[in-house]
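**Q** Below is one structure. I have some questions about it.
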Amino acid sequence: MKFTESWLREHLDTEADLATICAKLTAIGLEVEEVHNPAAGLENFVVARVLTAEKHPNADKLRVCTVDPGTGPIQVVCGAPNARAGMVGVFARDGLTIPGTGLVLKPSTIRGVASNGMLVSEREMGLSDEHDGIIDLPEAAAAHVGRPFAEVMGLADPVVTIKLTPNRPDCTGIRGIARDLAAARLGALKPLKIEPVAGHFTSSIGVSIDDYAACPLFIGREIRGVKNGPSPKWLQDRLKSIGLRPISALVDITNWFTHALGRPLHVFDADKVHGALHVRLGRAGDELLALDGKTYQLGPEMCVIADANGPESIGGIMGGEQSGCTDATTRVFLEAALFDPIRTAATGRKLGIISDARYRFERGVDPEFVRPGAELATRMILELCGGEASELVVAGVAPDWRRQYTFRPERVAALGGVPVTAAEAEAALEAVGCVVAAGGGVFSVTPPSWRPDIHGEADLVEEVLRLKGFDAIPSVPLPQDRAVPAPGVTPMQRRVRVIRRAIAARGLNEAVTYSFIPTPHALLFGGGAPEMAVANPISADLDAMRPSILPALLAASKRNADRSMPDHGLFEVGPQYRDDTPTGQDMVAAGIRAGQTGPRHWSARPRGVDAYDAKADALAALAAAGAPAEQLLVMDGAPSWYHPGRSATLRLGPKQILAHVGELHPRVLQEFDLRGPVVAFEVFLERVPFPKNRAGRSKGPLALNDLPAVERDFAFVVDDKVQAFEIVKAARGAEKALITQVSVFDQFTGAAIGEGRKSVAISVRLEPKEKTLTDPEIEAVAAKVIAAVAKATGATLRG
């Protein structure tokens with residue numbers, strides 16, 4: 001919201017300077033973002049008289065001018081078409097920087113003629129986009145030759161920009177800002193004289209309303225015999241000062257009311273309106289060529305003002321070009337109406353229209369100022385454009401805005417920490433326009449019509465605090481419930497951070513992808529259920545929540561491969577969504593490797609990635625998450641998007657799956673048009689148990705074991721249906737105090753073993769803690785291992 005100091009003072013009688021006004025605005029919640037003085041930097045641009053203007057001897061479109069800036073004649077070569085002898089313009093001396101272009105002036109020779117300084121245009125001065133000619137000042141300015149141009153033309157009027165919150169529609173007009181400053185005792189609000197204009201005839205244009213929820217009140221008036229044209233200088237200057245472009249007297253009047261009084265208006269060229277105006281909702285096929293030159297398709301949820309030929313305006317947002325006013329307009333129909341804020345906001349968003357009218361209507365305008373606004377606008381039109389006004393045309397009534405709330409003065413201290421007396425609270429509420437009735441220490445308060453944001457006692461407390469000054473609210477430290485502050489991150493957040501680093505350390509690059517994927521990809525990875533469909537997708541092909549992170553990584557892999565980067569590794573840590581989980585989503589660390597391992601090098605030949613690379617990545621992530629990696633079981637059972645013979649699951653016990661690893665199924669690679677091999681892993685972070693905090697004495701730093709370890713190999717013959725993890729588990733449990741590691745290093749099948757049988761060889765590592773193991777002790781442990789494996793799997797020791 002912008003306004004100038006002088007415009008504000010038209011409504012506020014105050015002796016405060018601008019700095020005090022700005023400080024008070026911020027103190028009462030109307031934060032000042034910027035104060036800009038248009039005259040800053042223009043001090044050295046002076047009023048000058050053009051004494052002569054002769055045709056350039058070597059150029060048809062240039063003139064050689066003699067200019068008097070108050071210090072004597074100076075020769076200037078000028079290309080402006082309006083340069084002429086006797087005119088009064090603005091002169092810039094050599095050495096000055098032109099604000100609009102950044103050009104530094106210096107003596108020059110143009111087509112063989114010397115030129116010093118420059119006669120400037122409004123655009124070159126940074127005042128507007130006007131650049132058809134140089135500035136042509138009125139003859140009265142000749143009395144001020146040599147004086148600063150900005151001072152003579154009254155440009156030294158600072159422009160204030162405030163950051164207006166959506167809950168303050170009353171301050172979308174300059175008068176509302178002045179009213180708030182007056183309530184804060186920074187002056188007095190000047191009276192606004194409202195005198196009804198007598199109607200001399202009945203309007204030829206009637207108004208009817210179909211949907212009073214969309215438009216509860218519409219007041220119109222026909223004015224005939226008007227003469228449209230440029231608005232007076234004072235009005236143009238007001239609009240220019242806040243960045244608006246003057247158009248014509250009729251349009252400028254509506255813009256003045258919008259910004260000065262927060263009352264959006266519209267004027268139709270009555271000769272272009274066919275029949276009565278009908279306020280209704282949009283219909284199939286409705287469209288409008290709006291005043292911004294664009295054609296909009298209007299939907300059934302939009303408020304439309306139409307005549308017999310169709311829509312003429314979008315209610316509360318923008319008028320139509322067909323019925324817009326021009327210099328030939330002699331008969332107008334003035335509109336002052338109320339429109340539903342929610343419908344106005346929704347329509348503006350859907351059509352992509354941002355207008356001054358929408359900005360105010362979607363926040364809510366004063367329902368009691370519709371008729372006064374129409375009367376004031378009528379009088380200004382008659383004063384500036386002439387004509388004769390009809391009687392008012394009224395359709396609908398203003399909605400009932402009156403509401404009462406109970407207010408207890410002591411609540412100001414309870415909610416805001418600032419004690420105030422009952423008299424202070426009453427004075428503050430009355431200052432903002434509330435009607436206050438006291439009784440028994442409790443007030444009954446009715447907010448004013450221009451404050452739709454006040455709903456309840458807490459809002460009334462805020463008003464008292466606001467006028468008291470937010471600076472008066474004491475700074476109070478938050479109570480500490482514990483001596484040591486709670487951690488800033490959760491254990492899961494800490495786990496995610498550590499896992500990201502661990503996977504990145506293995507050479508994979510982190511990717512950040514959408515949680516939405518195409519439905520065909522979701523179906524390929526066990527998803528695609530109707531419950532997981534996106535109701536309003538950001539793109540037609542991103543219509544399903546991802547059941548796995550892998551599809552998005554594979555799509556990224558395809559893009560890399562298409563750009564001659566076939567060897568790469570990608571990972572992502574984030575949620576994936578399934579309808580078969582209790583929460584509907586899992587936090588997963590997933591990654592892929594494609595192509596070959598490492599760059600070409602003489603010391604080692606690159607090889608294609610395989611399932612063991614994915615397994616190593618998953619184990620690194622699980623170790624970083626705190627999983628007992630040495631106790632994990634490697635079993636089959638990977639989902640269908642993995643290769644059935646080159647994949648596995650990592651489990652903490654037979655049923656608790658912590659990760660999927662392996663090579664991806666050829667069907668998946670074909671769907672993504674990828675050349676294999678591609679391996680992947682998925683680690684389910686929420687399934688990894690967090691370490692338990694056990695009370696007890698600390699064992700101190702980990703001591704190095706200087707006793708020799710012993711390794712023994714065993715080969716067991718078992719049924720081919722027995723899984724290797726069963727043998728490993730049994731062997732590890734045979735002597736937990738000494739056995740620290742069990743690993744499989746060979747598997748053999750053949751005629752020597754027997755049909756339906758296989759040989760599995762394991763290595764068992766023993767680490768003593770107290771003394772070196774003797775041969776009998778080692779043999780005793782070996783016997784326990786053989787017995788334990790035989791009991792668990794029916795295995796026999798291979799001879």
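By order of appearance in the structure tokens: chains A, B, ..., then residues from 1 within every chain, and ligands from 1 in the order shown.
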Among region 645-695 of chain A, which ones does DSSP place in strand (DSSP E), written as a count of residues only?
**A** 22
**Q** Might you pull out every residue within 12 Å of Phe516 (chain A), with only C-alpha atoms counted and same-chain residues fewer than 2 positions away left off, and present them as a PyMOL selection string?
**A** chain A and resi 513-514+518-522+527-528+532-552+575-577
**Q** Would you output that residue set with N, CA, C and O atoms, as a compact mmCIF listing (two decimals), in the first residue's frame?
**A**
# COMPACT_ATOMS: atom_id res chain seq x y z
N THR A 513 13.97 -35.85 -5.37
CA THR A 513 12.98 -36.06 -6.41
C THR A 513 11.58 -35.82 -5.86
O THR A 513 11.37 -35.71 -4.64
N TYR A 514 10.61 -35.76 -6.77
CA TYR A 514 9.22 -35.59 -6.37
C TYR A 514 8.70 -36.85 -5.67
O TYR A 514 9.17 -37.97 -5.93
N PRO A 518 4.50 -41.41 -12.24
CA PRO A 518 3.42 -41.89 -13.11
C PRO A 518 2.81 -43.18 -12.58
O PRO A 518 3.51 -44.03 -12.00
N THR A 519 1.53 -43.35 -12.79
CA THR A 519 0.84 -44.56 -12.31
C THR A 519 1.46 -45.84 -12.85
O THR A 519 1.61 -46.82 -12.11
N PRO A 520 1.85 -45.93 -14.16
CA PRO A 520 2.49 -47.17 -14.63
C PRO A 520 3.74 -47.53 -13.84
O PRO A 520 3.99 -48.71 -13.58
N HIS A 521 4.52 -46.55 -13.44
CA HIS A 521 5.71 -46.83 -12.63
C HIS A 521 5.31 -47.29 -11.23
O HIS A 521 5.96 -48.17 -10.66
N ALA A 522 4.26 -46.68 -10.69
CA ALA A 522 3.81 -47.09 -9.36
C ALA A 522 3.34 -48.54 -9.37
O ALA A 522 3.61 -49.31 -8.44
N GLY A 527 2.62 -50.41 -6.21
CA GLY A 527 1.70 -49.35 -5.82
C GLY A 527 0.59 -49.20 -6.83
O GLY A 527 0.14 -50.16 -7.45
N GLY A 528 0.13 -47.94 -6.99
CA GLY A 528 -0.92 -47.65 -7.96
C GLY A 528 -2.33 -47.85 -7.46
O GLY A 528 -3.26 -47.80 -8.26
N MET A 532 -3.92 -44.14 -3.38
CA MET A 532 -2.65 -43.43 -3.49
C MET A 532 -2.60 -42.50 -4.70
O MET A 532 -1.56 -41.94 -5.03
N ALA A 533 -3.74 -42.32 -5.39
CA ALA A 533 -3.79 -41.42 -6.53
C ALA A 533 -3.82 -39.97 -6.05
O ALA A 533 -4.44 -39.65 -5.03
N VAL A 534 -3.16 -39.08 -6.77
CA VAL A 534 -3.12 -37.65 -6.43
C VAL A 534 -4.36 -36.98 -7.00
O VAL A 534 -4.63 -37.09 -8.21
N ALA A 535 -5.13 -36.30 -6.16
CA ALA A 535 -6.39 -35.69 -6.59
C ALA A 535 -6.16 -34.53 -7.54
O ALA A 535 -6.91 -34.34 -8.50
N ASN A 536 -5.14 -33.75 -7.28
CA ASN A 536 -4.89 -32.55 -8.10
C ASN A 536 -3.41 -32.52 -8.47
O ASN A 536 -2.63 -31.74 -7.92
N PRO A 537 -2.97 -33.37 -9.41
CA PRO A 537 -1.54 -33.49 -9.70
C PRO A 537 -0.96 -32.23 -10.32
O PRO A 537 -1.65 -31.50 -11.04
N ILE A 538 0.31 -31.97 -10.03
CA ILE A 538 0.98 -30.81 -10.59
C ILE A 538 1.29 -31.02 -12.07
O ILE A 538 1.55 -30.07 -12.80
N SER A 539 1.27 -32.28 -12.50
CA SER A 539 1.49 -32.62 -13.90
C SER A 539 0.69 -33.87 -14.20
O SER A 539 0.49 -34.72 -13.32
N ALA A 540 0.24 -34.01 -15.45
CA ALA A 540 -0.62 -35.14 -15.80
C ALA A 540 0.08 -36.48 -15.60
O ALA A 540 -0.57 -37.49 -15.31
N ASP A 541 1.42 -36.52 -15.74
CA ASP A 541 2.13 -37.78 -15.59
C ASP A 541 2.69 -37.99 -14.19
O ASP A 541 3.39 -38.97 -13.95
N LEU A 542 2.40 -37.10 -13.26
CA LEU A 542 2.80 -37.28 -11.86
C LEU A 542 1.53 -37.42 -11.02
O LEU A 542 1.21 -36.58 -10.19
N ASP A 543 0.83 -38.52 -11.24
CA ASP A 543 -0.52 -38.66 -10.68
C ASP A 543 -0.64 -39.70 -9.59
O ASP A 543 -1.76 -40.03 -9.18
N ALA A 544 0.47 -40.25 -9.10
CA ALA A 544 0.40 -41.27 -8.05
C ALA A 544 1.50 -41.02 -7.03
O ALA A 544 2.61 -40.59 -7.37
N MET A 545 1.19 -41.28 -5.75
CA MET A 545 2.21 -41.22 -4.71
C MET A 545 3.16 -42.40 -4.88
O MET A 545 2.75 -43.51 -5.18
N ARG A 546 4.44 -42.16 -4.71
CA ARG A 546 5.42 -43.20 -4.99
C ARG A 546 5.41 -44.29 -3.93
O ARG A 546 5.51 -44.01 -2.74
N PRO A 547 5.26 -45.56 -4.34
CA PRO A 547 5.36 -46.66 -3.37
C PRO A 547 6.82 -47.01 -3.08
O PRO A 547 7.10 -47.78 -2.17
N SER A 548 7.73 -46.47 -3.89
CA SER A 548 9.16 -46.70 -3.71
C SER A 548 9.90 -45.49 -4.26
O SER A 548 9.42 -44.82 -5.18
N ILE A 549 11.08 -45.22 -3.71
CA ILE A 549 11.91 -44.13 -4.21
C ILE A 549 12.60 -44.53 -5.51
O ILE A 549 12.97 -43.68 -6.32
N LEU A 550 12.73 -45.83 -5.76
CA LEU A 550 13.52 -46.30 -6.89
C LEU A 550 13.03 -45.80 -8.24
O LEU A 550 13.86 -45.48 -9.11
N PRO A 551 11.71 -45.73 -8.53
CA PRO A 551 11.30 -45.24 -9.86
C PRO A 551 11.85 -43.85 -10.19
O PRO A 551 12.29 -43.60 -11.32
N ALA A 552 11.83 -42.96 -9.22
CA ALA A 552 12.35 -41.60 -9.47
C ALA A 552 13.85 -41.64 -9.71
O ALA A 552 14.38 -40.92 -10.56
N PRO A 575 10.50 -40.21 2.27
CA PRO A 575 9.35 -41.09 2.48
C PRO A 575 8.90 -41.78 1.19
O PRO A 575 9.09 -41.25 0.09
N GLN A 576 8.35 -42.94 1.34
CA GLN A 576 7.63 -43.60 0.26
C GLN A 576 6.29 -44.05 0.84
O GLN A 576 6.16 -44.30 2.03
N TYR A 577 5.28 -44.15 -0.01
CA TYR A 577 3.90 -44.23 0.45
C TYR A 577 3.24 -45.53 0.01
O TYR A 577 3.27 -45.87 -1.17
**Q** Write out as an MDAnalysis selection string which residues come within 10 Å of Leu460 (chain A) when counting only C-alpha atoms, dropping same-chain ones fewer than 3 positions away.
**A** chainID A and resid 405:409 411:412 425 428:429 434 445 447 454:457 463:466
**Q** With region 9-30 of chain A as the partner and 12 Å as the cut-off, tabulate the residues of region 236-336 of chain A that qualify, each row holding the nearest pair of atoms and their distance in Å to one decimal, using only C-alpha atoms, sorted by chain and rising number, as JSON lines.
**A**
{"residue": "A:Arg238", "atom": "CA", "partner": "A:Glu10", "partner_atom": "CA", "distance": 11.6}
{"residue": "A:Ala260", "atom": "CA", "partner": "A:His11", "partner_atom": "CA", "distance": 9.2}
{"residue": "A:Leu261", "atom": "CA", "partner": "A:His11", "partner_atom": "CA", "distance": 9.9}
**Q** I want to know what sits within 9 Å of region 306-308 of chain A, based on only C-alpha atoms, with residues of the same chain fewer than 4 positions away left out; could you give that as an MDAnalysis selection string?
**A** chainID A and resid 273:280 312:314
**Q** Looking only at helix (DSSP H, G or I) from DSSP on the backbone, list the matching residues of region 549-794 of chain A as a PyMOL selection string.
**A** chain A and resi 550-562+611-625+629-631+666-671+685-687+724-732+775-793
**Q** Kindly indicate which residue among A:Phe725, A:Phe3, A:Phe748, A:Phe716 lies nearest to Ala795 (chain A), using only C-alpha atoms for the distances.
**A**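 Closest candidate: A:Phe716.
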**Q** Using only C-alpha atoms, which residues sit within 12 Å of Arg111 (chain A) once same-chain residues fewer than 5 positions away are excluded, as an NGL selection string?
**A** :A and (56-64 or 77-78)
**Q** How would the residues just chosen look if you wrote them out with N, CA, C and O atoms as a compact mmCIF listing (two decimals), in the first residue's frame?
**A**
# COMPACT_ATOMS: atom_id res chain seq x y z
N HIS A 56 19.18 21.45 -37.36
CA HIS A 56 20.58 21.04 -37.41
C HIS A 56 21.04 21.05 -38.87
O HIS A 56 20.33 20.56 -39.76
N PRO A 57 22.22 21.60 -39.15
CA PRO A 57 22.67 21.68 -40.56
C PRO A 57 22.94 20.33 -41.20
O PRO A 57 22.91 20.21 -42.43
N ASN A 58 23.19 19.30 -40.40
CA ASN A 58 23.57 18.01 -40.96
C ASN A 58 22.62 16.88 -40.59
O ASN A 58 22.96 15.70 -40.78
N ALA A 59 21.45 17.18 -40.01
CA ALA A 59 20.51 16.12 -39.61
C ALA A 59 19.09 16.69 -39.64
O ALA A 59 18.83 17.77 -39.07
N ASP A 60 18.21 15.97 -40.27
CA ASP A 60 16.84 16.45 -40.42
C ASP A 60 16.06 16.43 -39.11
O ASP A 60 15.16 17.25 -38.89
N LYS A 61 16.33 15.45 -38.24
CA LYS A 61 15.53 15.26 -37.04
C LYS A 61 16.16 15.87 -35.79
O LYS A 61 15.65 15.67 -34.69
N LEU A 62 17.21 16.59 -35.93
CA LEU A 62 17.86 17.21 -34.77
C LEU A 62 17.70 18.73 -34.84
O LEU A 62 17.57 19.31 -35.93
N ARG A 63 17.69 19.35 -33.65
CA ARG A 63 17.64 20.81 -33.56
C ARG A 63 18.79 21.30 -32.69
O ARG A 63 19.17 20.66 -31.70
N VAL A 64 19.31 22.46 -33.09
CA VAL A 64 20.36 23.11 -32.29
C VAL A 64 19.68 24.19 -31.47
O VAL A 64 19.17 25.18 -32.01
N VAL A 77 22.30 20.22 -28.56
CA VAL A 77 21.70 19.52 -29.69
C VAL A 77 20.63 18.58 -29.15
O VAL A 77 20.91 17.75 -28.29
N CYS A 78 19.39 18.73 -29.67
CA CYS A 78 18.25 17.99 -29.11
C CYS A 78 17.49 17.30 -30.25
O CYS A 78 17.26 17.88 -31.31
**Q** Between A:Ala752, A:Leu773, A:Ala213, A:Val668, which is the closest to Leu523 (chain A) once you count only C-alpha atoms?
**A**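 Among the listed residues, A:Val668 lies closest to Leu523 (chain A).
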**Q** Of the candidates A:Ala611, A:Leu553, A:Gln596, A:Leu622, which one gets nearest to Ile503 (chain A) if we count only C-alpha atoms?
**A**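 Once distances to Ile503 (chain A) are computed over only C-alpha atoms, the minimum belongs to A:Leu622.
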**Q** Nearest residue to Gly526 (chain A) out of A:Arg506, A:Lys558, A:Arg578, A:Lys615, using only C-alpha atoms?
**A**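 Of all the options, A:Arg578 lies closest to Gly526 (chain A).
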**Q** Please provide as a list in words all residues within 10 Å of His568 (chain A), with the sequence filter that same-chain residues fewer than 4 positions apart are discarded (counting only C-alpha atoms).
**A**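 In the requested form, the answer reads Gly507, Leu508, Asn509, Ser557, Asn560, Ala561, Ile592, Arg593, Ala594, Gly595, Gln596, Thr597, Gly598 and Val678 of chain A.
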